[in-house]
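The structure appears below as structure tokens.
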Amino acid sequence: MSHNIYWITTIIGVLIVAVLDENSFLTRMKYDMQISDLEEQIDEYNSQYERDDQKLKELRRNPRAITKIARENYMMKADDEDIFVLSDDEKQETSKNETAE
């Protein structure tokens with residue numbers, strides 16, 4: 001009987017440490033998953049950094065790249081140019097009004 005009490009106590013102790021303790025296997029697995037997710041994010045941010053660094057180097061070397069970005073993204077123009085922005089927003093609004101009637 002006394003020999004079985006030691007085994008039962010040992011098994012209960014191992015189960016408490018394995019499942020219920022703050023350093024349990026479940027917590028460790030959760031932390032491992034978080035670490036892998038964070039490492040993926042680090043890889044994504046590093047690749048984004050490399051792309052942005054490449055664009056910055058291009059902008060420093062080529063002044064035409066700056067004017068291209070200014071024209072495409074910020075609708076800037078030269079003094080002798082006119083810009084026409086074409087949009088489909090009005091077509092979508094009229095089709096919504098027609099279906100509502």
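Each chain in the structure tokens gets a letter, A, B and so on, in the order shown; residues start at 1 in every chain, and ligands are counted from 1 in the order they appear.
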
>> Please identify the alpha helix (DSSP H) residues within range 3-96 of chain A (assignment by DSSP from backbone atoms) and present them as a ChimeraX atom specification.
In response: /A:3-15,25-61,63-74,89-96
